[in-house]
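Trainee: Quick one, input24.pdb (PDB, C-alpha atoms):
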ATOM      1  CA  MET A  28     206.007-155.374 -14.999
ATOM      2  CA  ALA A  29     203.723-153.073 -13.017
ATOM      3  CA  HIS A  30     204.409-149.352 -13.173
ATOM      4  CA  ASP A  31     204.106-148.160  -9.578
ATOM      5  CA  THR A  32     204.873-144.544  -8.826
ATOM      6  CA  ASP A  33     207.679-143.966  -6.351
ATOM      7  CA  PRO A  34     206.102-143.142  -2.961
ATOM      8  CA  GLU A  35     209.100-140.898  -2.267
ATOM      9  CA  GLN A  36     208.127-138.712  -5.224
ATOM     10  CA  THR A  37     206.092-135.608  -4.565
ATOM     11  CA  ILE A  38     202.454-135.532  -5.599
ATOM     12  CA  ARG A  39     203.239-133.285  -8.557
ATOM     13  CA  ALA A  40     206.079-135.515  -9.726
ATOM     14  CA  GLN A  41     203.826-138.594  -9.554
ATOM     15  CA  LEU A  42     201.040-136.853 -11.481
ATOM     16  CA  ASN A  43     203.494-135.614 -14.101
ATOM     17  CA  GLU A  44     204.834-139.146 -14.640
ATOM     18  CA  ILE A  45     201.359-140.671 -14.910
ATOM     19  CA  ALA A  46     200.171-137.895 -17.245
ATOM     20  CA  ASP A  47     203.179-138.268 -19.538
ATOM     21  CA  HIS A  48     202.290-141.934 -20.111
ATOM     22  CA  TRP A  49     198.556-141.134 -20.344
ATOM     23  CA  THR A  50     199.114-138.423 -22.966
ATOM     24  CA  THR A  51     201.440-140.573 -25.064
ATOM     25  CA  HIS A  52     199.555-143.874 -24.903
ATOM     26  CA  GLY A  53     195.978-142.838 -24.118
ATOM     27  CA  GLU A  54     195.882-144.924 -20.947
ATOM     28  CA  TYR A  55     197.288-145.050 -17.439
ATOM     29  CA  PRO A  56     200.612-146.776 -16.807
ATOM     30  CA  GLU A  57     200.352-150.415 -15.819
ATOM     31  CA  GLY A  58     199.569-150.692 -12.137
ATOM     32  CA  ILE A  59     197.890-147.270 -11.978
ATOM     33  CA  ALA A  60     194.106-146.980 -11.660
ATOM     34  CA  VAL A  61     191.730-144.037 -11.818
ATOM     35  CA  THR A  62     191.463-144.166  -8.027
ATOM     36  CA  ASP A  63     195.195-143.438  -7.779
ATOM     37  CA  VAL A  64     194.772-140.311  -9.923
ATOM     38  CA  GLN A  65     191.724-139.291  -7.915
ATOM     39  CA  LYS A  66     193.587-139.654  -4.618
ATOM     40  CA  LEU A  67     196.582-137.650  -5.832
ATOM     41  CA  GLY A  68     194.301-134.998  -7.320
ATOM     42  CA  GLN A  69     192.215-134.671  -4.158
ATOM     43  CA  THR A  70     195.347-134.278  -2.024
ATOM     44  CA  LEU A  71     196.771-131.623  -4.337
ATOM     45  CA  HIS A  72     193.431-129.817  -4.505
ATOM     46  CA  ASP A  73     193.306-129.723  -0.692
ATOM     47  CA  GLN A  74     196.795-128.191  -0.649
ATOM     48  CA  LEU A  75     195.795-125.482  -3.147
ATOM     49  CA  ALA A  76     192.273-124.852  -1.864
ATOM     50  CA  ASP A  77     193.115-121.625  -0.040
ATOM     51  CA  HIS A  78     194.915-120.223  -3.084
ATOM     52  CA  ILE A  79     192.020-121.152  -5.359
ATOM     53  CA  GLU A  80     189.427-119.549  -3.104
ATOM     54  CA  THR A  81     191.517-116.370  -2.899
ATOM     55  CA  TYR A  82     191.658-116.128  -6.700
ATOM     56  CA  VAL A  83     187.919-116.790  -7.000
ATOM     57  CA  THR A  84     186.926-114.150  -4.461
ATOM     58  CA  GLU A  85     189.522-111.451  -5.178
ATOM     59  CA  THR A  86     189.860-111.562  -8.981
ATOM     60  CA  ASN A  87     187.583-111.914 -12.011
ATOM     61  CA  PHE A  88     188.712-115.489 -12.576
ATOM     62  CA  THR A  89     186.110-118.208 -12.897
ATOM     63  CA  ARG A  90     186.734-121.185 -10.629
ATOM     64  CA  ARG A  91     188.227-123.132 -13.553
ATOM     65  CA  GLU A  92     190.640-120.294 -14.308
ATOM     66  CA  ALA A  93     191.521-119.972 -10.628
ATOM     67  CA  GLU A  94     192.359-123.678 -10.478
ATOM     68  CA  VAL A  95     194.561-123.446 -13.562
ATOM     69  CA  TRP A  96     196.333-120.409 -12.183
ATOM     70  CA  ALA A  97     196.939-122.133  -8.838
ATOM     71  CA  LEU A  98     198.307-125.250 -10.547
ATOM     72  CA  HIS A  99     200.785-123.268 -12.606
ATOM     73  CA  ARG A 100     201.836-120.745  -9.960
ATOM     74  CA  ASN A 101     202.613-123.094  -7.077
ATOM     75  CA  VAL A 102     205.508-125.572  -6.890
ATOM     76  CA  ASP A 103     206.398-128.217  -4.316
ATOM     77  CA  GLU A 104     209.395-128.361  -2.021
ATOM     78  CA  HIS A 105     211.528-129.795  -4.828
ATOM     79  CA  HIS A 106     210.429-127.029  -7.226
ATOM     80  CA  HIS A 107     208.295-129.401  -9.283
ATOM     81  CA  PHE A 108     205.384-127.766 -11.072
ATOM     82  CA  VAL A 109     202.344-129.429 -12.631
ATOM     83  CA  THR A 110     202.942-129.984 -16.352
ATOM     84  CA  HIS A 111     200.308-129.079 -18.925
ATOM     85  CA  GLU A 112     199.617-132.793 -19.448
ATOM     86  CA  ALA A 113     199.141-133.376 -15.723
ATOM     87  CA  ALA A 114     196.784-130.407 -15.463
ATOM     88  CA  ALA A 115     194.735-131.782 -18.361
ATOM     89  CA  LEU A 116     194.653-135.201 -16.657
ATOM     90  CA  LEU A 117     193.338-133.647 -13.442
ATOM     91  CA  PHE A 118     190.630-131.723 -15.265
ATOM     92  CA  CYS A 119     189.294-134.658 -17.261
ATOM     93  CA  THR A 120     189.364-137.219 -14.433
ATOM     94  CA  PRO A 121     186.190-137.053 -12.312
ATOM     95  CA  GLY A 122     186.716-137.073  -8.577
ATOM     96  CA  THR A 123     190.038-135.216  -8.427
ATOM     97  CA  GLY A 124     188.443-132.037  -7.130
ATOM     98  CA  PHE A 125     189.488-130.082 -10.210
ATOM     99  CA  GLY A 126     187.267-128.914 -13.036
ATOM    100  CA  CYS A 127     183.899-130.237 -12.023
ATOM    101  CA  THR A 128     181.885-131.801  -9.245
ATOM    102  CA  THR A 129     181.161-135.007 -11.121
ATOM    103  CA  ASP A 130     180.628-137.928  -8.757
ATOM    104  CA  VAL A 131     183.594-140.321  -8.782
ATOM    105  CA  ASN A 132     181.385-143.200  -9.901
ATOM    106  CA  GLU A 133     179.702-141.316 -12.721
ATOM    107  CA  LYS A 134     180.985-142.281 -16.146
ATOM    108  CA  TYR A 135     181.580-139.843 -18.968
ATOM    109  CA  PRO A 136     178.914-139.636 -21.662
ATOM    110  CA  GLU A 137     179.461-141.862 -24.639
ATOM    111  CA  ARG A 138     182.231-140.424 -26.811
ATOM    112  CA  GLN A 139     181.194-138.693 -30.000
ATOM    113  CA  THR A 140     182.984-138.018 -33.236
ATOM    114  CA  LEU A 141     185.101-134.880 -33.011
ATOM    115  CA  THR A 142     184.117-132.228 -35.519
ATOM    116  CA  SER A 143     186.050-129.211 -36.684
ATOM    117  CA  GLU A 144     183.260-126.942 -35.446
ATOM    118  CA  ASP A 145     183.531-128.424 -31.941
ATOM    119  CA  VAL A 146     187.219-127.689 -31.782
ATOM    120  CA  GLU A 147     186.923-124.179 -33.149
ATOM    121  CA  LEU A 148     184.195-123.235 -30.672
ATOM    122  CA  ARG A 149     186.106-124.696 -27.736
ATOM    123  CA  PHE A 150     189.310-122.925 -28.639
ATOM    124  CA  ARG A 151     187.606-119.591 -29.275
ATOM    125  CA  ALA A 152     186.046-119.820 -25.802
ATOM    126  CA  ALA A 153     189.419-120.726 -24.274
ATOM    127  CA  LYS A 154     191.158-117.847 -26.038
ATOM    128  CA  GLN A 155     188.550-115.394 -24.769
ATOM    129  CA  THR A 156     189.094-116.683 -21.249
ATOM    130  CA  VAL A 157     192.826-116.117 -21.582
ATOM    131  CA  ASP A 158     192.326-112.604 -22.976
ATOM    132  CA  ASP A 159     189.968-111.731 -20.132
ATOM    133  CA  ALA A 160     192.454-113.076 -17.602
ATOM    134  CA  LYS A 161     195.195-110.905 -19.082
ATOM    135  CA  GLN A 162     192.998-107.849 -18.626
ATOM    136  CA  THR A 163     192.234-108.867 -15.045
ATOM    137  CA  LEU A 164     195.909-109.109 -14.182
ATOM    138  CA  GLY A 165     197.053-106.239 -16.362
ATOM    139  CA  ALA A 166     197.965-103.999 -13.448
ATOM    140  CA  ALA A 167     199.930-106.689 -11.605
ATOM    141  CA  THR A 168     203.580-107.494 -12.151
ATOM    142  CA  PHE A 169     204.226-111.102 -13.108
ATOM    143  CA  PRO A 170     207.495-111.581 -15.069
ATOM    144  CA  ASP A 171     206.209-114.734 -16.747
ATOM    145  CA  ARG A 172     202.512-113.851 -16.726
ATOM    146  CA  ASP A 173     202.000-114.200 -20.489
ATOM    147  CA  ASP A 174     203.730-117.584 -20.618
ATOM    148  CA  VAL A 175     201.665-118.906 -17.725
ATOM    149  CA  LEU A 176     198.367-117.661 -19.087
ATOM    150  CA  THR A 177     198.735-118.687 -22.707
ATOM    151  CA  SER A 178     200.409-122.077 -22.399
ATOM    152  CA  PRO A 179     197.716-124.337 -20.864
ATOM    153  CA  GLU A 180     194.898-123.580 -23.301
ATOM    154  CA  LEU A 181     193.941-127.245 -23.585
ATOM    155  CA  VAL A 182     193.205-127.339 -19.877
ATOM    156  CA  TRP A 183     190.052-125.304 -20.480
ATOM    157  CA  LEU A 184     188.631-128.071 -22.674
ATOM    158  CA  ASP A 185     186.391-130.432 -20.779
ATOM    159  CA  GLY A 186     187.307-134.065 -20.190
ATOM    160  CA  GLU A 187     185.053-135.452 -22.896
ATOM    161  CA  THR A 188     186.611-133.211 -25.529
ATOM    162  CA  ILE A 189     190.150-134.111 -24.469
ATOM    163  CA  GLN A 190     189.284-137.812 -24.728
ATOM    164  CA  ARG A 191     187.788-137.218 -28.163
ATOM    165  CA  PHE A 192     191.038-135.526 -29.167
ATOM    166  CA  GLN A 193     192.888-138.680 -28.207
ATOM    167  CA  GLN A 194     190.747-140.694 -30.621
ATOM    168  CA  GLN A 195     191.777-138.435 -33.507
ATOM    169  CA  TYR A 196     195.521-139.094 -33.478
ATOM    170  CA  GLN A 197     197.074-139.585 -36.899
ATOM    171  CA  PRO A 198     200.563-140.920 -37.726
ATOM    172  CA  GLY A 199     203.201-138.376 -36.802
ATOM    173  CA  GLU A 200     201.052-136.618 -34.191
ATOM    174  CA  ASN A 201     202.514-136.989 -30.720
ATOM    175  CA  THR A 202     200.521-134.592 -28.542
ATOM    176  CA  LEU A 203     197.017-133.236 -28.122
ATOM    177  CA  ASP A 204     198.327-129.929 -29.448
ATOM    178  CA  ASP A 205     199.343-131.640 -32.703
ATOM    179  CA  VAL A 206     195.788-132.921 -33.135
ATOM    180  CA  ALA A 207     194.191-129.593 -32.235
ATOM    181  CA  THR A 208     196.481-127.709 -34.607
ATOM    182  CA  ARG A 209     195.620-130.000 -37.512
ATOM    183  CA  VAL A 210     191.868-129.802 -36.929
ATOM    184  CA  LEU A 211     191.971-126.024 -36.597
ATOM    185  CA  ASP A 212     194.050-125.786 -39.769
ATOM    186  CA  GLU A 213     191.281-127.643 -41.593
ATOM    187  CA  THR A 214     188.751-124.913 -40.719
ATOM    188  CA  GLU A 215     190.945-121.819 -40.639
ATOM    189  CA  THR A 216     190.548-119.172 -43.346
ATOM    190  CA  ARG A 217     193.974-117.934 -44.434
ATOM    191  CA  TYR A 218     195.188-115.464 -47.027
ATOM    192  CA  SER A 219     198.649-114.489 -48.086
ATOM    193  CA  LEU A 220     199.543-110.908 -47.198
ATOM    194  CA  GLU A 221     199.299-109.854 -50.838
ATOM    195  CA  ALA A 222     195.971-111.593 -51.435
ATOM    196  CA  PHE A 223     194.501-110.093 -48.280
ATOM    197  CA  VAL A 224     195.540-106.519 -49.109
ATOM    198  CA  ARG A 225     194.405-106.837 -52.732
ATOM    199  CA  GLY A 226     191.110-108.274 -51.557
ATOM    200  CA  TYR A 227     190.627-105.428 -49.110
ATOM    201  CA  LEU A 228     191.438-102.774 -51.711
ATOM    202  CA  ASN A 229     189.028-104.369 -54.172
ATOM    203  CA  ALA A 230     186.294-104.578 -51.558
ATOM    204  CA  ARG A 231     186.685-101.010 -50.291
ATOM    205  CA  GLY A 232     187.666 -99.573 -53.651
ATOM    206  CA  THR A 233     191.072 -97.966 -54.141
ATOM    207  CA  ASP A 234     189.441 -94.536 -54.388
ATOM    208  CA  ASN A 235     188.209 -94.979 -50.803
ATOM    209  CA  VAL A 236     191.511 -96.138 -49.286
ATOM    210  CA  VAL A 237     194.238 -93.624 -48.516
ATOM    211  CA  GLN A 238     196.796 -95.978 -46.963
ATOM    212  CA  VAL A 239     197.396 -99.592 -45.965
ATOM    213  CA  ALA A 240     200.304-100.174 -43.562
ATOM    214  CA  VAL A 241     201.687-103.069 -41.536
ATOM    215  CA  ALA A 242     203.474-102.738 -38.205
ATOM    216  CA  ARG A 243     207.148-103.491 -38.778
ATOM    217  CA  GLU A 244     207.636-105.306 -35.481
ATOM    218  CA  SER A 245     204.633-107.571 -36.038
ATOM    219  CA  PHE A 246     206.674-109.715 -38.431
ATOM    220  CA  GLU A 247     208.643-110.704 -35.311
ATOM    221  CA  ARG A 248     205.490-111.531 -33.354
ATOM    222  CA  GLU A 249     202.731-114.102 -33.703
ATOM    223  CA  THR A 250     200.180-111.472 -34.757
ATOM    224  CA  ILE A 251     200.437-109.278 -37.835
ATOM    225  CA  ARG A 252     198.944-105.819 -37.331
ATOM    226  CA  ILE A 253     197.512-104.078 -40.384
ATOM    227  CA  ALA A 254     196.181-100.525 -40.208
ATOM    228  CA  THR A 255     194.341 -98.646 -42.925
ATOM    229  CA  HIS A 256     193.375 -95.022 -43.374
ATOM    230  CA  THR A 257     190.005 -94.673 -45.083
ATOM    231  CA  PRO A 258     187.057 -92.327 -44.807
ATOM    232  CA  ALA A 259     184.695 -95.296 -45.184
ATOM    233  CA  GLN A 260     182.418 -95.713 -42.163
ATOM    234  CA  ASP A 261     180.380 -98.753 -43.113
ATOM    235  CA  GLU A 262     180.924-102.333 -41.935
ATOM    236  CA  LEU A 263     184.239-104.053 -42.521
ATOM    237  CA  PRO A 264     184.480-106.051 -45.757
ATOM    238  CA  ASP A 265     183.946-109.807 -45.554
ATOM    239  CA  ILE A 266     187.585-110.488 -46.350
ATOM    240  CA  VAL A 267     188.489-108.833 -43.038
ATOM    241  CA  THR A 268     185.817-110.390 -40.846
ATOM    242  CA  GLU A 269     186.229-113.864 -42.324
ATOM    243  CA  THR A 270     190.050-114.065 -42.266
ATOM    244  CA  ASP A 271     191.565-115.953 -39.345
ATOM    245  CA  ALA A 272     195.240-115.804 -40.286
ATOM    246  CA  ILE A 273     197.764-114.307 -42.693
ATOM    247  CA  THR A 274     200.532-116.358 -44.292
ATOM    248  CA  TYR A 275     203.805-114.740 -45.258
ATOM    249  CA  HIS A 276     207.023-116.401 -46.425
ATOM    250  CA  GLY A 277     205.779-119.728 -45.090
ATOM    251  CA  HIS A 278     204.891-118.363 -41.644
ATOM    252  CA  ARG A 279     201.435-118.105 -40.090
ATOM    253  CA  TYR A 280     200.263-114.973 -38.271
ATOM    254  CA  ASP A 281     197.075-114.157 -36.409
ATOM    255  CA  LEU A 282     195.422-111.093 -37.902
ATOM    256  CA  HIS A 283     194.796-107.812 -36.077
ATOM    257  CA  PHE A 284     193.127-105.266 -38.371
ATOM    258  CA  HIS A 285     192.235-101.639 -37.682
ATOM    259  CA  GLU A 286     190.639 -98.939 -39.823
ATOM    260  CA  ASP A 287     191.464 -95.364 -38.818
ATOM    261  CA  PRO A 288     189.381 -92.669 -40.548
ATOM    262  CA  SER A 289     191.296 -89.819 -38.907
ATOM    263  CA  ARG A 290     194.886 -90.043 -40.102
ATOM    264  CA  PRO A 291     197.490 -92.217 -41.864
ATOM    265  CA  THR A 292     200.054 -94.270 -39.983
ATOM    266  CA  TYR A 293     203.756 -93.530 -40.133
ATOM    267  CA  GLN A 294     206.001 -94.486 -37.225
ATOM    268  CA  GLY A 295     207.053 -98.107 -36.991
ATOM    269  CA  HIS A 296     205.065 -99.169 -40.055
ATOM    270  CA  ILE A 297     205.761-100.238 -43.621
ATOM    271  CA  THR A 298     203.346 -98.638 -46.072
ATOM    272  CA  LEU A 299     202.021-101.317 -48.407
ATOM    273  CA  TYR A 300     199.788 -98.957 -50.364
ATOM    274  CA  ALA A 301     199.265 -95.195 -50.383
ATOM    275  CA  SER A 302     197.265 -92.932 -52.652
ATOM    276  CA  ASP A 303     198.640 -89.632 -53.902
ATOM    277  CA  THR A 304     196.480 -87.616 -51.489
ATOM    278  CA  ILE A 305     198.641 -87.764 -48.332
ATOM    279  CA  ASP A 306     200.531 -84.570 -47.594
ATOM    280  CA  GLY A 307     204.264 -85.227 -47.308
ATOM    281  CA  MET A 308     204.070 -88.789 -48.607
ATOM    282  CA  ASP A 309     204.577 -90.041 -52.120
ATOM    283  CA  GLU A 310     202.171 -92.457 -53.715
ATOM    284  CA  VAL A 311     203.068 -96.088 -52.987
ATOM    285  CA  ALA A 312     202.011 -98.767 -55.440
ATOM    286  CA  LEU A 313     201.057-102.067 -53.829
ATOM    287  CA  ALA A 314     203.843-103.898 -55.656
ATOM    288  CA  ASP A 315     206.428-101.482 -54.229
ATOM    289  CA  GLY A 316     204.990-101.707 -50.717
ATOM    290  CA  LEU A 317     205.022-105.489 -50.805
ATOM    291  CA  ALA A 318     208.621-105.427 -52.054
ATOM    292  CA  ALA A 319     209.618-103.302 -49.053
ATOM    293  CA  ALA A 320     207.884-105.746 -46.716
ATOM    294  CA  ASP A 321     209.600-108.667 -48.458
ATOM    295  CA  GLU A 322     212.999-107.065 -47.956
ATOM    296  CA  HIS A 323     212.346-106.546 -44.258
ATOM    297  CA  MET A 324     211.045-110.094 -43.799
ATOM    298  CA  GLN A 325     214.034-111.557 -45.616
ATOM    299  CA  GLN A 326     216.377-109.764 -43.219
ATOM    300  CA  LEU A 327     214.529-111.392 -40.321
ATOM    301  CA  LEU A 328     214.701-114.825 -41.923
ATOM    302  CA  ASP A 329     218.429-114.432 -42.553
ATOM    303  CA  SER A 330     219.150-113.475 -38.945
ATOM    304  CA  ASP A 331     220.124-115.961 -36.237
ATOM    305  CA  GLU A 332     217.031-115.182 -34.174
ATOM    306  CA  PRO A 333     214.160-117.623 -34.957
ATOM    307  CA  LEU A 334     210.702-116.197 -35.455
ATOM    308  CA  PRO A 335     208.024-117.244 -32.935
ATOM    309  CA  THR A 336     205.489-117.930 -35.674
ATOM    310  CA  ARG A 337     204.470-121.391 -36.822
ATOM    311  CA  ILE A 338     205.885-122.570 -40.133
ATOM    312  CA  ILE A 339     203.232-124.017 -42.418
ATOM    313  CA  GLU A 340     203.370-126.201 -45.470
TER     314      GLU A 340
END
Here is the file; what I need is its structure written in the form of structure tokens.
Mentor:
Amino acid sequence: MAHDTDPEQTIRAQLNEIADHWTTHGEYPEGIAVTDVQKLGQTLHDQLADHIETYVTETNFTRREAEVWALHRNVDEHHHFVTHEAAALLFCTPGTGFGCTTDVNEKYPERQTLTSEDVELRFRAAKQTVDDAKQTLGAATFPDRDDVLTSPELVWLDGETIQRFQQQYQPGENTLDDVATRVLDETETRYSLEAFVRGYLNARGTDNVVQVAVARESFERETIRIATHTPAQDELPDIVTETDAITYHGHRYDLHFHEDPSRPTYQGHITLYASDTIDGMDEVALADGLAAADEHMQQLLDSDEPLPTRIIE
């Protein structure tokens, strides 16, 4: 039986329905052709054109970022918004008006095997775009700005890469995000909190490190923030520059690391290590500091509030 979209549906609702099937099955629903997606996309692009041009001319957004922002900030008369899957569909389908100026009759280049390096480079570029956009809009008030900016990261991948993602599905993976997460996991350098701190102390030398502390609230965030007090002024050790993530009690955290040569850190932090040279502070052995962090983390795990971090095997 042919799968025709309901003509009474709004354009966004039709695109969302088509994209849901396309994302799940890797093809359009029966009865839907690329020309249908192109027509819907062109109509929607025409509706958003003024918004897009305003973002391009009055902000630091690239045109691609402006299009993503317009898609996720504007709803139709029935309050339908474009889903992440529908946005990805629009960006990887030539002739919709979104993402590129590829002629509607031009075919994509022959698909290539997806490599871990490809994915990592694409995602690093996308993350930088998101970070830059946050800075651009930092002075504006958008209640859900962070959610809107960080959620559609896959949209910044080009159509060829998205199609190559679809070829990499493995049993149990249901979305493009599942595939991307697995491939990134294969290349990501992770250390446990203890291994990272020990590695840093060994690399810097305990005689050159006055304090290592972790922000208490970062255990409740997706990024763990570690600050050190050291007089060392040379380049950061390899263990810092080469670490992508920290694992702790089965949870994965992005790493934010800062060396401060001027003073130790007190407020809002758990001291993991401290020498006996800080005025007003006792020496803290690493084992004792880690035990204090473990106690705090266990309290969070025992609470009813789930952590936003991803649980890993």
Trainee: Record the distance separating atom CA of Phe118 of chain A and atom CA of Asp281 of chain A, expressed in Å with one decimal.
Mentor: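 These atoms are spaced 28.2 Å apart.
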Trainee: Interatomic distance between atom CA of Ile305 of chain A and atom CA of Val237 of chain A?
Mentor: 7.3 Å
Trainee: Do you know which residues are at most 8 Å from Thr255 of chain A counting only C-alpha atoms, after dropping those on the same chain fewer than 5 positions away, and could you put them as a list in words?
Mentor: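 Non-adjacent residues within range: Val236, Val237, Gln238, Val239, Ala240, His285, Glu286, Asp287, Pro291 and Thr292 of chain A.
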Trainee: Would you please work out which residue, of A:Gly58, A:Pro121, A:Gly277, A:Gly295, is nearest to Arg217 of chain A when using all atoms listed in the file?
Mentor: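 Among the listed residues, A:Gly277 lies closest to Arg217 of chain A.
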Trainee: Taking the file above as input, evaluate the PyMOL selection byres ((chain A and resi 60) around 12) and report the hits as an NGL selection string.
Mentor: :A and (29-32 or 45 or 49 or 54-59 or 61-67 or 120)
Trainee: Enter the distance from atom CA of Asn101 of chain A to atom CA of Tyr82 of chain A, in Å, rounded to one decimal.
Mentor: 13.0 Å
Trainee: With distances taken over all atoms listed in the file, which of A:Thr202, A:Thr208, A:Ser302, A:Thr268 is nearest to His52 of chain A?
Mentor: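 Looking only at the distances to His52 of chain A, the closest residue turns out to be A:Thr202.
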Trainee: Find, counting only C-alpha atoms, the residue in A:Asp321, A:Glu215, A:Asp329, A:Asp261 that gets nearest to Ile273 of chain A.
Mentor: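 Among A:Asp321, A:Glu215, A:Asp329, A:Asp261, it is A:Glu215 that comes nearest to Ile273 of chain A.
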Trainee: Excluding Leu327 of chain A and residues on its chain fewer than 6 positions from it, collect all residues at most 12 Å away from it, counting all atoms listed in the file, and give them as a list of chain:residue names.
Mentor: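 Near neighbours after the sequence-gap exclusion: A:Arg243, A:Glu244, A:Ser245, A:Phe246, A:Glu247, A:Arg248, A:His276, A:His278, A:Ala320, A:Asp321, A:Pro333, A:Leu334, A:Pro335.
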Trainee: Enumerate, as a PyMOL selection string, the residues matched when the PyMOL selection byres ((chain A and resi 260) around 12) is run on the file above.
Mentor: chain A and resi 231+235-236+256-259+261-264+286-289
Trainee: Hey, what comes out of the PyMOL selection byres ((chain A and resi 339) around 9) on this file? Could you write it as a short mmCIF file (atom, residue, chain, number, x, y, z; two decimals) with C-alpha atoms, in the frame of the given file?
Mentor:
data_model
loop_
_atom_site.label_atom_id
_atom_site.label_comp_id
_atom_site.auth_asym_id
_atom_site.auth_seq_id
_atom_site.Cartn_x
_atom_site.Cartn_y
_atom_site.Cartn_z
CA THR A 274 200.53 -116.36 -44.29
CA GLY A 277 205.78 -119.73 -45.09
CA HIS A 278 204.89 -118.36 -41.64
CA ARG A 279 201.44 -118.10 -40.09
CA ARG A 337 204.47 -121.39 -36.82
CA ILE A 338 205.88 -122.57 -40.13
CA GLU A 340 203.37 -126.20 -45.47
#
Trainee: Neighbours of Asn201 of chain A within 10 Å (only C-alpha atoms; same-chain residues fewer than 3 positions away dropped), as number ranges by chain?
Mentor: A: 50-52, 196-198, 204-206
Trainee: Taking 3 positions as the minimum chain separation for residues in the same chain, which residues sit within 10 Å of Glu112 of chain A when counting only C-alpha atoms? Answer as a PyMOL selection string.
Mentor: chain A and resi 42-51+109+115-118+179+181-182+202-203
Trainee: Store the residues picked out above in a file with C-alpha atoms, as a PDB file, in the frame of the given file.
Mentor:
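Writing the result to again-v3.pdb gives the following:
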ATOM      1  CA  LEU A  42     201.040-136.853 -11.481  1.00  0.00           C
ATOM      2  CA  ASN A  43     203.494-135.614 -14.101  1.00  0.00           C
ATOM      3  CA  GLU A  44     204.834-139.146 -14.640  1.00  0.00           C
ATOM      4  CA  ILE A  45     201.359-140.671 -14.910  1.00  0.00           C
ATOM      5  CA  ALA A  46     200.171-137.895 -17.245  1.00  0.00           C
ATOM      6  CA  ASP A  47     203.179-138.268 -19.538  1.00  0.00           C
ATOM      7  CA  HIS A  48     202.290-141.934 -20.111  1.00  0.00           C
ATOM      8  CA  TRP A  49     198.556-141.134 -20.344  1.00  0.00           C
ATOM      9  CA  THR A  50     199.114-138.423 -22.966  1.00  0.00           C
ATOM     10  CA  THR A  51     201.440-140.573 -25.064  1.00  0.00           C
ATOM     11  CA  VAL A 109     202.344-129.429 -12.631  1.00  0.00           C
ATOM     12  CA  ALA A 115     194.735-131.782 -18.361  1.00  0.00           C
ATOM     13  CA  LEU A 116     194.653-135.201 -16.657  1.00  0.00           C
ATOM     14  CA  LEU A 117     193.338-133.647 -13.442  1.00  0.00           C
ATOM     15  CA  PHE A 118     190.630-131.723 -15.265  1.00  0.00           C
ATOM     16  CA  PRO A 179     197.716-124.337 -20.864  1.00  0.00           C
ATOM     17  CA  LEU A 181     193.941-127.245 -23.585  1.00  0.00           C
ATOM     18  CA  VAL A 182     193.205-127.339 -19.877  1.00  0.00           C
ATOM     19  CA  THR A 202     200.521-134.592 -28.542  1.00  0.00           C
ATOM     20  CA  LEU A 203     197.017-133.236 -28.122  1.00  0.00           C
TER      21      LEU A 203
END
Trainee: Report as a VMD selection string all protein, DNA and RNA residues lying within 12 Å of Ala272 of chain A, evaluated on all atoms listed in the file, omitting residues in the same chain fewer than 3 positions from it.
Mentor: chain A and resid 211 to 212 214 to 220 222 to 223 249 to 253 266 to 269 275 278 to 284 336 to 337 339
Trainee: For C-alpha atoms, I'd like the residues from the last selection saved as an mmCIF file, in the frame of the given file.
Mentor:
data_model
loop_
_atom_site.group_PDB
_atom_site.id
_atom_site.type_symbol
_atom_site.label_atom_id
_atom_site.label_comp_id
_atom_site.auth_asym_id
_atom_site.auth_seq_id
_atom_site.Cartn_x
_atom_site.Cartn_y
_atom_site.Cartn_z
ATOM 1 C CA LEU A 211 191.971 -126.024 -36.597
ATOM 2 C CA ASP A 212 194.050 -125.786 -39.769
ATOM 3 C CA THR A 214 188.751 -124.913 -40.719
ATOM 4 C CA GLU A 215 190.945 -121.819 -40.639
ATOM 5 C CA THR A 216 190.548 -119.172 -43.346
ATOM 6 C CA ARG A 217 193.974 -117.934 -44.434
ATOM 7 C CA TYR A 218 195.188 -115.464 -47.027
ATOM 8 C CA SER A 219 198.649 -114.489 -48.086
ATOM 9 C CA LEU A 220 199.543 -110.908 -47.198
ATOM 10 C CA ALA A 222 195.971 -111.593 -51.435
ATOM 11 C CA PHE A 223 194.501 -110.093 -48.280
ATOM 12 C CA GLU A 249 202.731 -114.102 -33.703
ATOM 13 C CA THR A 250 200.180 -111.472 -34.757
ATOM 14 C CA ILE A 251 200.437 -109.278 -37.835
ATOM 15 C CA ARG A 252 198.944 -105.819 -37.331
ATOM 16 C CA ILE A 253 197.512 -104.078 -40.384
ATOM 17 C CA ILE A 266 187.585 -110.488 -46.350
ATOM 18 C CA VAL A 267 188.489 -108.833 -43.038
ATOM 19 C CA THR A 268 185.817 -110.390 -40.846
ATOM 20 C CA GLU A 269 186.229 -113.864 -42.324
ATOM 21 C CA TYR A 275 203.805 -114.740 -45.258
ATOM 22 C CA HIS A 278 204.891 -118.363 -41.644
ATOM 23 C CA ARG A 279 201.435 -118.105 -40.090
ATOM 24 C CA TYR A 280 200.263 -114.973 -38.271
ATOM 25 C CA ASP A 281 197.075 -114.157 -36.409
ATOM 26 C CA LEU A 282 195.422 -111.093 -37.902
ATOM 27 C CA HIS A 283 194.796 -107.812 -36.077
ATOM 28 C CA PHE A 284 193.127 -105.266 -38.371
ATOM 29 C CA THR A 336 205.489 -117.930 -35.674
ATOM 30 C CA ARG A 337 204.470 -121.391 -36.822
ATOM 31 C CA ILE A 339 203.232 -124.017 -42.418
#
